[in-house]
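A.B. asks: The structure file data_26.cif (mmCIF, C-alpha atoms) is provided below.
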data_run
#
loop_
_atom_site.label_atom_id
_atom_site.label_comp_id
_atom_site.auth_asym_id
_atom_site.auth_seq_id
_atom_site.Cartn_x
_atom_site.Cartn_y
_atom_site.Cartn_z
CA MET A 3 -21.74 27.35 53.14
CA THR A 4 -20.81 26.16 49.66
CA ILE A 5 -17.98 27.57 47.57
CA LYS A 6 -18.87 29.29 44.30
CA THR A 7 -17.57 27.70 41.13
CA ARG A 8 -16.07 29.55 38.19
CA VAL A 9 -15.45 28.40 34.62
CA ALA A 10 -11.77 29.14 33.94
CA GLY A 11 -11.41 27.50 30.54
CA VAL A 12 -13.38 25.68 27.85
CA GLY A 13 -12.36 23.74 24.77
CA MET A 14 -14.17 21.96 21.98
CA VAL A 15 -13.21 20.21 18.75
CA PRO A 16 -15.38 20.38 15.62
CA PHE A 17 -18.00 17.64 15.64
CA GLN A 18 -17.72 15.29 12.66
CA LYS A 19 -19.45 12.37 11.00
CA PRO A 20 -18.28 8.95 12.22
CA SER A 21 -16.57 8.28 8.88
CA GLN A 22 -14.49 11.46 9.16
CA ALA A 23 -13.57 11.64 12.85
CA GLY A 24 -10.36 10.67 14.59
CA ASP A 25 -10.01 8.36 17.57
CA TRP A 26 -11.88 9.18 20.78
CA ASP A 27 -8.72 9.65 22.83
CA SER A 28 -7.11 12.07 20.39
CA MET A 29 -10.32 14.16 20.25
CA ALA A 30 -10.44 14.25 24.05
CA GLU A 31 -6.77 15.21 24.24
CA GLU A 32 -7.30 18.15 21.90
CA ALA A 33 -10.35 19.39 23.81
CA ILE A 34 -8.51 19.18 27.15
CA LYS A 35 -5.50 21.06 25.80
CA LEU A 36 -7.77 23.75 24.37
CA ALA A 37 -9.56 24.15 27.71
CA LEU A 38 -6.29 24.36 29.65
CA ALA A 39 -4.88 26.88 27.21
CA ASP A 40 -8.08 28.92 27.42
CA ALA A 41 -7.72 28.95 31.21
CA GLY A 42 -4.00 29.71 31.12
CA LEU A 43 -3.22 26.64 33.21
CA ASN A 44 -1.11 23.52 32.95
CA TYR A 45 -2.42 20.01 33.50
CA SER A 46 -0.34 19.89 36.68
CA HIS A 47 -2.82 22.36 38.22
CA VAL A 48 -5.72 19.88 37.84
CA GLN A 49 -6.52 18.11 41.11
CA GLN A 50 -9.28 15.77 39.91
CA ALA A 51 -10.99 14.89 36.63
CA TYR A 52 -14.34 13.54 35.46
CA ALA A 53 -14.43 11.88 32.04
CA GLY A 54 -17.78 11.33 30.35
CA TYR A 55 -18.54 8.88 27.55
CA VAL A 56 -21.26 6.35 26.74
CA TYR A 57 -19.86 4.06 24.07
CA GLY A 58 -16.51 2.94 25.39
CA ASP A 59 -14.75 0.46 27.62
CA SER A 60 -14.03 1.00 31.29
CA THR A 61 -11.26 3.50 32.15
CA ALA A 62 -11.38 5.09 28.72
CA GLY A 63 -11.25 8.35 30.66
CA GLN A 64 -7.84 7.50 32.04
CA SER A 65 -6.55 6.53 28.62
CA ALA A 66 -7.70 9.81 27.12
CA ILE A 67 -6.45 12.02 29.95
CA TYR A 68 -3.09 10.23 30.16
CA ARG A 69 -2.34 11.70 26.71
CA VAL A 70 -2.17 15.08 28.47
CA GLY A 71 -0.39 13.92 31.62
CA CYS A 72 -0.01 11.17 34.23
CA THR A 73 -0.04 12.87 37.61
CA GLY A 74 -1.83 10.28 39.71
CA ILE A 75 -4.93 12.40 40.37
CA PRO A 76 -8.37 10.80 40.83
CA ILE A 77 -10.08 10.24 37.46
CA VAL A 78 -13.73 9.23 37.56
CA ASN A 79 -15.48 7.77 34.51
CA VAL A 80 -19.07 8.96 33.99
CA ASN A 81 -21.87 7.39 31.92
CA ASN A 82 -25.36 8.91 32.17
CA ASN A 83 -26.72 8.46 28.67
CA CYS A 84 -27.16 11.70 26.70
CA SER A 85 -26.67 13.82 29.85
CA THR A 86 -23.20 12.38 30.43
CA GLY A 87 -21.23 15.54 29.66
CA SER A 88 -23.26 17.74 31.98
CA THR A 89 -23.15 15.02 34.64
CA ALA A 90 -19.34 15.27 34.55
CA LEU A 91 -19.74 19.05 34.86
CA TYR A 92 -22.17 18.58 37.76
CA LEU A 93 -19.74 16.37 39.66
CA ALA A 94 -16.83 18.73 39.05
CA ARG A 95 -18.86 21.70 40.27
CA GLN A 96 -20.08 19.75 43.29
CA LEU A 97 -16.55 18.79 44.30
CA ILE A 98 -15.42 22.42 44.27
CA ALA A 99 -18.58 23.62 46.03
CA LEU A 100 -17.96 21.17 48.87
CA GLY A 101 -14.31 22.16 49.22
CA GLY A 102 -12.86 18.89 47.92
CA ALA A 103 -10.69 20.53 45.25
CA GLU A 104 -9.94 23.92 43.75
CA CYS A 105 -9.23 23.02 40.11
CA VAL A 106 -11.19 20.24 38.42
CA LEU A 107 -11.37 19.06 34.82
CA ALA A 108 -14.55 17.81 33.15
CA VAL A 109 -14.17 16.24 29.71
CA GLY A 110 -16.66 14.47 27.49
CA PHE A 111 -15.99 12.54 24.31
CA GLU A 112 -17.69 10.06 22.01
CA GLN A 113 -16.74 7.99 18.99
CA MET A 114 -20.08 6.89 17.55
CA LEU A 115 -21.23 4.54 14.83
CA PRO A 116 -23.39 5.69 11.90
CA GLY A 117 -27.13 5.25 12.14
CA ALA A 118 -29.73 5.28 14.88
CA LEU A 119 -28.82 4.59 18.50
CA GLY A 120 -29.32 1.08 19.82
CA ASN A 121 -28.49 -1.17 22.74
CA VAL A 122 -24.95 -2.52 22.97
CA PHE A 123 -25.77 -5.62 25.00
CA HIS A 124 -28.41 -8.03 23.75
CA ASP A 125 -27.91 -10.85 26.26
CA ARG A 126 -29.48 -9.05 29.24
CA LYS A 127 -32.32 -6.74 30.22
CA ALA A 128 -32.23 -3.23 28.78
CA PRO A 129 -31.97 -0.36 31.31
CA MET A 130 -35.01 1.37 29.81
CA GLU A 131 -37.28 -1.66 30.04
CA ARG A 132 -39.81 0.21 32.18
CA HIS A 133 -39.88 3.17 29.76
CA THR A 134 -40.35 0.75 26.87
CA HIS A 135 -43.27 -0.98 28.57
CA VAL A 136 -45.05 2.33 29.17
CA THR A 137 -44.36 3.53 25.63
CA HIS A 138 -45.78 0.37 24.10
CA ALA A 139 -48.84 0.64 26.34
CA ILE A 140 -49.43 4.20 25.18
CA GLN A 141 -48.73 3.99 21.45
CA GLY A 142 -47.72 0.46 20.51
CA ALA A 143 -44.53 -0.29 18.59
CA ASP A 144 -43.49 0.68 15.06
CA GLU A 145 -40.92 -1.78 13.73
CA LYS A 146 -39.95 0.60 10.92
CA ALA A 147 -39.21 3.69 13.04
CA PRO A 148 -36.01 4.15 15.09
CA TRP A 149 -36.65 3.68 18.79
CA ALA A 150 -35.54 7.19 19.81
CA ALA A 151 -37.78 8.70 17.11
CA GLN A 152 -40.73 6.75 18.51
CA LEU A 153 -40.05 8.16 21.97
CA PHE A 154 -39.61 11.80 21.02
CA GLY A 155 -42.01 11.70 18.08
CA GLY A 156 -44.53 10.24 20.52
CA GLY A 157 -43.82 13.15 22.86
CA GLY A 158 -44.45 15.56 20.01
CA ARG A 159 -47.72 13.86 19.09
CA ASP A 160 -48.78 13.94 22.76
CA TYR A 161 -48.19 17.69 22.73
CA GLN A 162 -50.22 18.08 19.54
CA GLU A 163 -53.15 16.19 21.05
CA ARG A 164 -53.08 18.46 24.09
CA TYR A 165 -52.53 21.83 22.41
CA GLY A 166 -53.06 21.41 18.67
CA ALA A 167 -49.59 22.42 17.41
CA LYS A 168 -49.11 21.98 13.67
CA ASP A 169 -46.48 19.67 12.14
CA GLU A 170 -44.90 22.74 10.52
CA THR A 171 -44.32 24.31 13.92
CA PHE A 172 -41.91 21.50 14.85
CA ALA A 173 -40.16 21.77 11.47
CA LYS A 174 -39.52 25.49 11.97
CA ILE A 175 -37.17 24.60 14.83
CA SER A 176 -34.86 22.83 12.35
CA VAL A 177 -34.89 25.86 10.08
CA LYS A 178 -33.94 28.06 13.03
CA ALA A 179 -31.19 25.65 14.12
CA ARG A 180 -29.49 25.79 10.73
CA ARG A 181 -29.81 29.57 10.61
CA HIS A 182 -27.96 29.81 13.92
CA ALA A 183 -25.39 27.16 12.97
CA ALA A 184 -24.34 29.18 9.91
CA ASN A 185 -22.33 31.31 12.36
CA ASN A 186 -20.75 28.38 14.20
CA PRO A 187 -17.56 26.98 12.60
CA LEU A 188 -17.69 23.99 14.97
CA ALA A 189 -21.14 22.81 13.82
CA LEU A 190 -21.48 19.87 11.46
CA PHE A 191 -24.40 21.21 9.39
CA ARG A 192 -24.11 24.91 8.53
CA ASP A 193 -26.02 25.20 5.27
CA PRO A 194 -29.51 26.72 5.52
CA ILE A 195 -32.61 24.61 4.94
CA SER A 196 -36.14 25.66 4.13
CA LEU A 197 -39.35 24.69 5.83
CA GLU A 198 -40.36 22.89 2.65
CA GLU A 199 -37.16 20.81 2.70
CA VAL A 200 -37.69 19.81 6.32
CA MET A 201 -41.28 18.80 5.70
CA ALA A 202 -40.39 16.85 2.54
CA SER A 203 -37.67 14.77 4.22
CA PRO A 204 -38.58 11.15 5.08
CA LYS A 205 -41.14 10.72 7.83
CA LEU A 206 -39.87 9.27 11.12
CA TYR A 207 -42.67 9.19 13.68
CA GLY A 208 -45.47 11.52 14.76
CA PRO A 209 -44.72 15.05 13.52
CA LEU A 210 -41.02 14.28 13.02
CA THR A 211 -39.16 14.02 9.73
CA ARG A 212 -35.51 13.04 9.24
CA LEU A 213 -34.32 16.66 9.17
CA GLN A 214 -35.80 17.08 12.64
CA ALA A 215 -33.42 14.54 14.20
CA CYS A 216 -29.86 15.18 15.34
CA PRO A 217 -27.16 13.24 13.48
CA PRO A 218 -24.82 10.76 15.20
CA THR A 219 -21.44 12.44 15.45
CA CYS A 220 -18.04 12.13 17.05
CA GLY A 221 -16.40 14.84 19.10
CA ALA A 222 -15.08 16.09 22.42
CA ALA A 223 -15.39 19.10 24.71
CA ALA A 224 -13.91 20.05 28.07
CA ALA A 225 -14.14 22.60 30.86
CA VAL A 226 -11.81 23.60 33.67
CA LEU A 227 -13.64 24.65 36.83
CA VAL A 228 -11.98 26.51 39.70
CA SER A 229 -12.80 28.14 43.00
CA PRO A 230 -12.74 31.95 43.23
CA ALA A 231 -9.71 31.74 45.54
CA PHE A 232 -7.81 29.62 43.01
CA ALA A 233 -8.74 32.04 40.21
CA ALA A 234 -7.49 35.02 42.23
CA LYS A 235 -4.28 33.26 43.25
CA HIS A 236 -3.39 32.44 39.64
CA GLY A 237 -4.72 35.62 38.05
CA LEU A 238 -7.29 33.82 35.91
CA ASP A 239 -10.03 35.33 33.81
CA ALA A 240 -12.86 33.39 35.46
CA ARG A 241 -15.68 35.87 35.05
CA VAL A 242 -18.25 33.14 34.29
CA GLU A 243 -19.80 31.52 37.34
CA ILE A 244 -22.07 28.53 37.82
CA VAL A 245 -24.82 30.31 39.75
CA ALA A 246 -27.02 27.27 40.33
CA GLN A 247 -27.27 23.70 39.11
CA ALA A 248 -29.58 20.73 39.61
CA MET A 249 -29.78 17.13 38.51
CA THR A 250 -33.03 15.19 38.58
CA THR A 251 -33.97 11.64 37.69
CA ASP A 252 -37.30 10.00 36.95
CA THR A 253 -40.15 10.07 39.41
CA GLU A 254 -43.29 7.96 39.16
CA THR A 255 -44.83 10.62 36.90
CA SER A 256 -42.40 9.61 34.13
CA PHE A 257 -44.34 6.37 33.84
CA GLU A 258 -47.81 7.86 33.60
CA PRO A 259 -49.65 7.47 30.26
CA SER A 260 -48.08 10.56 28.72
CA MET A 261 -45.26 10.45 26.18
CA MET A 262 -44.26 14.00 27.14
CA LYS A 263 -43.54 12.71 30.63
CA VAL A 264 -41.81 9.57 29.35
CA ILE A 265 -39.31 11.77 27.47
CA GLY A 266 -38.43 13.79 30.56
CA TYR A 267 -40.81 16.74 30.74
CA ASP A 268 -41.24 16.50 34.50
CA MET A 269 -37.53 15.84 35.12
CA ALA A 270 -36.66 19.05 33.27
CA LYS A 271 -39.41 21.08 34.92
CA GLU A 272 -38.27 20.08 38.41
CA ALA A 273 -34.58 20.67 37.68
CA ALA A 274 -35.40 24.12 36.33
CA ARG A 275 -37.54 24.90 39.38
CA GLN A 276 -34.67 24.00 41.69
CA VAL A 277 -32.23 26.14 39.74
CA TYR A 278 -34.47 29.22 39.61
CA GLU A 279 -35.21 28.89 43.32
CA ALA A 280 -31.54 28.55 44.25
CA ALA A 281 -30.53 31.47 42.03
CA GLY A 282 -33.37 33.74 43.09
CA ILE A 283 -34.28 34.59 39.50
CA GLY A 284 -36.81 33.39 36.95
CA PRO A 285 -36.74 32.40 33.29
CA GLY A 286 -37.46 36.01 32.34
CA ASN A 287 -33.91 36.89 33.44
CA VAL A 288 -32.36 34.40 31.00
CA ALA A 289 -31.25 35.79 27.63
CA VAL A 290 -29.73 32.68 26.06
CA VAL A 291 -30.33 28.94 26.41
CA GLU A 292 -28.59 25.85 25.13
CA LEU A 293 -31.15 23.06 25.42
CA HIS A 294 -31.22 19.41 24.43
CA ASP A 295 -32.74 19.41 20.93
CA CYS A 296 -32.04 15.80 19.98
CA PHE A 297 -35.32 16.06 18.08
CA THR A 298 -37.37 19.19 17.37
CA ALA A 299 -40.15 17.77 19.54
CA ASN A 300 -37.89 17.81 22.57
CA GLU A 301 -36.93 21.43 22.00
CA LEU A 302 -40.57 22.43 21.68
CA VAL A 303 -41.74 20.76 24.90
CA THR A 304 -38.62 21.93 26.75
CA TYR A 305 -39.52 25.58 26.11
CA GLU A 306 -42.41 24.97 28.47
CA SER A 307 -40.69 22.73 31.03
CA LEU A 308 -37.99 25.41 31.48
CA GLY A 309 -40.63 28.13 31.81
CA LEU A 310 -39.53 30.03 28.70
CA CYS A 311 -43.18 30.24 27.66
CA PRO A 312 -46.50 29.20 29.25
CA GLU A 313 -47.80 25.65 28.98
CA GLY A 314 -49.50 25.35 25.62
CA GLY A 315 -47.67 28.47 24.41
CA ALA A 316 -44.79 26.91 22.48
CA GLU A 317 -46.40 27.33 19.06
CA LYS A 318 -46.92 31.06 19.59
CA PHE A 319 -43.41 31.30 21.04
CA ILE A 320 -42.02 29.86 17.80
CA GLU A 321 -44.34 31.76 15.46
CA ASP A 322 -43.44 35.08 17.14
CA GLY A 323 -39.71 34.38 16.77
CA ASP A 324 -39.20 34.53 20.53
CA ASN A 325 -36.76 31.60 20.34
CA SER A 326 -34.22 33.49 18.22
CA TYR A 327 -32.35 36.77 17.90
CA GLY A 328 -34.64 39.73 18.40
CA GLY A 329 -37.05 37.63 20.47
CA LYS A 330 -37.35 36.89 24.17
CA VAL A 331 -34.62 34.25 24.57
CA VAL A 332 -32.14 32.96 21.99
CA THR A 333 -32.31 29.17 22.06
CA ASN A 334 -29.37 27.14 20.79
CA PRO A 335 -27.30 29.92 19.21
CA SER A 336 -24.71 27.22 18.49
CA GLY A 337 -27.16 25.44 16.19
CA GLY A 338 -27.89 22.90 18.89
CA LEU A 339 -27.71 19.16 18.54
CA LEU A 340 -29.74 19.37 15.34
CA SER A 341 -26.90 21.18 13.58
CA LYS A 342 -23.80 20.50 15.68
CA GLY A 343 -24.52 16.81 16.05
CA HIS A 344 -24.78 14.81 19.25
CA PRO A 345 -21.69 12.89 20.42
CA LEU A 346 -23.35 11.74 23.61
CA GLY A 347 -20.53 12.21 26.12
CA ALA A 348 -19.47 15.57 24.68
CA THR A 349 -22.82 17.31 24.25
CA GLY A 350 -23.23 18.74 27.77
CA LEU A 351 -19.74 20.20 27.76
CA ALA A 352 -20.22 21.60 24.27
CA GLN A 353 -23.25 23.46 25.64
CA CYS A 354 -21.04 24.79 28.46
CA TYR A 355 -18.49 25.90 25.85
CA GLU A 356 -21.10 27.91 23.96
CA LEU A 357 -22.63 29.59 27.00
CA THR A 358 -19.25 30.47 28.50
CA HIS A 359 -18.37 32.34 25.33
CA GLN A 360 -21.79 34.01 25.30
CA LEU A 361 -21.28 35.39 28.82
CA ARG A 362 -17.70 36.41 28.06
CA GLY A 363 -18.92 38.30 25.02
CA THR A 364 -16.65 36.25 22.76
CA ALA A 365 -19.25 34.34 20.71
CA ASP A 366 -18.49 36.35 17.55
CA ARG A 367 -21.41 36.43 15.11
CA ARG A 368 -23.49 34.25 17.45
CA GLN A 369 -23.25 36.77 20.29
CA VAL A 370 -26.45 37.47 22.19
CA GLU A 371 -26.14 41.10 23.20
CA GLY A 372 -26.53 41.98 26.86
CA ALA A 373 -26.61 38.39 28.11
CA ARG A 374 -25.94 38.23 31.85
CA HIS A 375 -27.47 34.84 32.58
CA ALA A 376 -27.41 31.71 30.42
CA LEU A 377 -29.27 28.44 30.97
CA GLN A 378 -28.16 24.93 29.99
CA HIS A 379 -30.46 21.89 29.72
CA ASN A 380 -29.05 18.41 29.03
CA LEU A 381 -31.32 15.36 29.07
CA GLY A 382 -30.61 11.65 29.14
CA LEU A 383 -33.43 9.15 29.05
CA GLY A 384 -33.34 6.33 31.51
CA GLY A 385 -32.96 8.93 33.04
CA ALA A 386 -31.23 12.09 34.17
CA CYS A 387 -31.64 15.79 33.48
CA VAL A 388 -29.08 18.45 34.37
CA VAL A 389 -30.00 22.14 34.31
CA THR A 390 -27.26 24.70 34.92
CA LEU A 391 -27.50 28.47 35.25
CA PHE A 392 -24.38 30.44 34.35
CA GLY A 393 -23.90 34.09 35.20
CA GLN A 394 -21.31 36.83 35.14
CA ALA A 395 -19.35 36.85 38.41
#
Give the structure from this file in structure tokens form.
C.D. replies:
Amino acid sequence: MTIKTRVAGVGMVPFQKPSQAGDWDSMAEEAIKLALADAGLNYSHVQQAYAGYVYGDSTAGQSAIYRVGCTGIPIVNVNNNCSTGSTALYLARQLIALGGAECVLAVGFEQMLPGALGNVFHDRKAPMERHTHVTHAIQGADEKAPWAAQLFGGGGRDYQERYGAKDETFAKISVKARRHAANNPLALFRDPISLEEVMASPKLYGPLTRLQACPPTCGAAAAVLVSPAFAAKHGLDARVEIVAQAMTTDTETSFEPSMMKVIGYDMAKEAARQVYEAAGIGPGNVAVVELHDCFTANELVTYESLGLCPEGGAEKFIEDGDNSYGGKVVTNPSGGLLSKGHPLGATGLAQCYELTHQLRGTADRRQVEGARHALQHNLGLGGACVVTLFGQA
């Protein structure tokens, strides 16, 4: 019998452009201190920590956490591409569930460079070589388009060929993201944009334009997870519970001739299936979702992989406003990656930050009224997908 896991505290620093951000360790320190203060705990209570980052040297997690304290606890460094932050959360939750600890810290941070993502090492094989081979077989290579835009833009074009969605449908997701981000002081881009502005921005690949891609940013976020017994012993406000959680990686279907599958459609669908089955509820019970909108195309296809709308129904879902306030399920009330930015190691924990406040009823002008369950989706190509269902304990 596994032990339930509660979220005792969350912390997040404002995400910033690379030219404006501080050092990775100072951002992580601030996020950790905010999470501990939110929980009402000291660092001495933490029994183990997981530190997530992608672009950094080995044991950067120790260096960042040592700024808060040196207590000799196990510190595990985590790197799982864009799903790194939620992978740290997954490991922290798993440790508590199995009885290995009662108070665990998960922190994610990233200090990124400007511009499109690229490989760090050029003297060895790339980890995504198999994905690249399949992508080139499906759609060739465009030397002018960023690699990530080719992947997700290809996924968007695959969707259009299957179901006929218009280019404007994808662009409306960016408009919605900015509208939500206007109420989030921690988001990088908070000014509204029009559909015309999104469509007129430089073309990237497939249906995507530049304003449909998340910006590279720097930032940090953290969460303190505890067991119910620990929460009761210390009198903590730990009303938010991780009800169910799943991590999936690629299966052979990811390498079929479908760009939707290459970008993780099946990984997300299976992770969501496992979560709904474990929780005993369906997507209709979810009021708010933070999902991985690195590009608008990924948000659109993820509506369907998470079961928020039927297959082929994403365009109607968007046109009817069912992805926003007043609709069926509010997606990315924080503004998502499109507006917050995407510091790879921090993103999954920033999603946890938002959903914890939604279920506490402390999300201010972003609050989704009556939310009792909240779903998180964090995707990393190469690949890993983490889906987490939060609920009110």
A.B. asks: Using only C-alpha atoms, which residues sit within 7 Å of Ala348 of chain A once same-chain residues fewer than 4 positions away are excluded, as a VMD selection string?
C.D. replies: chain A and resid 87 110 to 112 221 to 223 352
A.B. asks: Care to translate the PyMOL selection byres ((chain A and resi 39) around 12) into actual residues of this file, as a list in words?
C.D. replies: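 That expression, the PyMOL selection byres ((chain A and resi 39) around 12), corresponds here to Ala10, Gly11, Val12, Gly13, Met14, Glu32, Ala33, Ile34, Lys35, Leu36, Ala37, Leu38, Asp40, Ala41, Gly42, Leu43, Asn44, Tyr45, Ala224, Ala225, Val226, Leu238 and Asp239 of chain A.
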A.B. asks: Kindly indicate which residue among A:Met201, A:Cys105, A:Leu391, A:Ala299 lies nearest to Met261 of chain A, using all atoms listed in the file for the distances.
C.D. replies: A:Ala299
A.B. asks: Return as a list in words the set of residues that the PyMOL selection byres ((chain A and resi 98) around 10) yields on the displayed structure.
C.D. replies: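 When the PyMOL selection byres ((chain A and resi 98) around 10) is applied, the selected residues are Thr4, Ile5, Lys6, Thr7, Arg8, Leu93, Ala94, Arg95, Gln96, Leu97, Ala99, Leu100, Gly101, Gly102, Ala103, Glu104, Cys105, Val106, Leu227, Val228, Ser229 and Pro230 of chain A.
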A.B. asks: Written as a CSV table (one decimal) with C-alpha atoms, in the frame of the given file, what is the full residue list that the PyMOL selection byres ((chain A and resi 73) around 10) yields on the file shown?
C.D. replies:
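Written out: out-v8.csv:
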chain,number,residue,atom,x,y,z
A,45,TYR,CA,-2.4,20.0,33.5
A,46,SER,CA,-0.3,19.9,36.7
A,47,HIS,CA,-2.8,22.4,38.2
A,48,VAL,CA,-5.7,19.9,37.8
A,49,GLN,CA,-6.5,18.1,41.1
A,50,GLN,CA,-9.3,15.8,39.9
A,68,TYR,CA,-3.1,10.2,30.2
A,70,VAL,CA,-2.2,15.1,28.5
A,71,GLY,CA,-0.4,13.9,31.6
A,72,CYS,CA,0.0,11.2,34.2
A,74,GLY,CA,-1.8,10.3,39.7
A,75,ILE,CA,-4.9,12.4,40.4
A,76,PRO,CA,-8.4,10.8,40.8
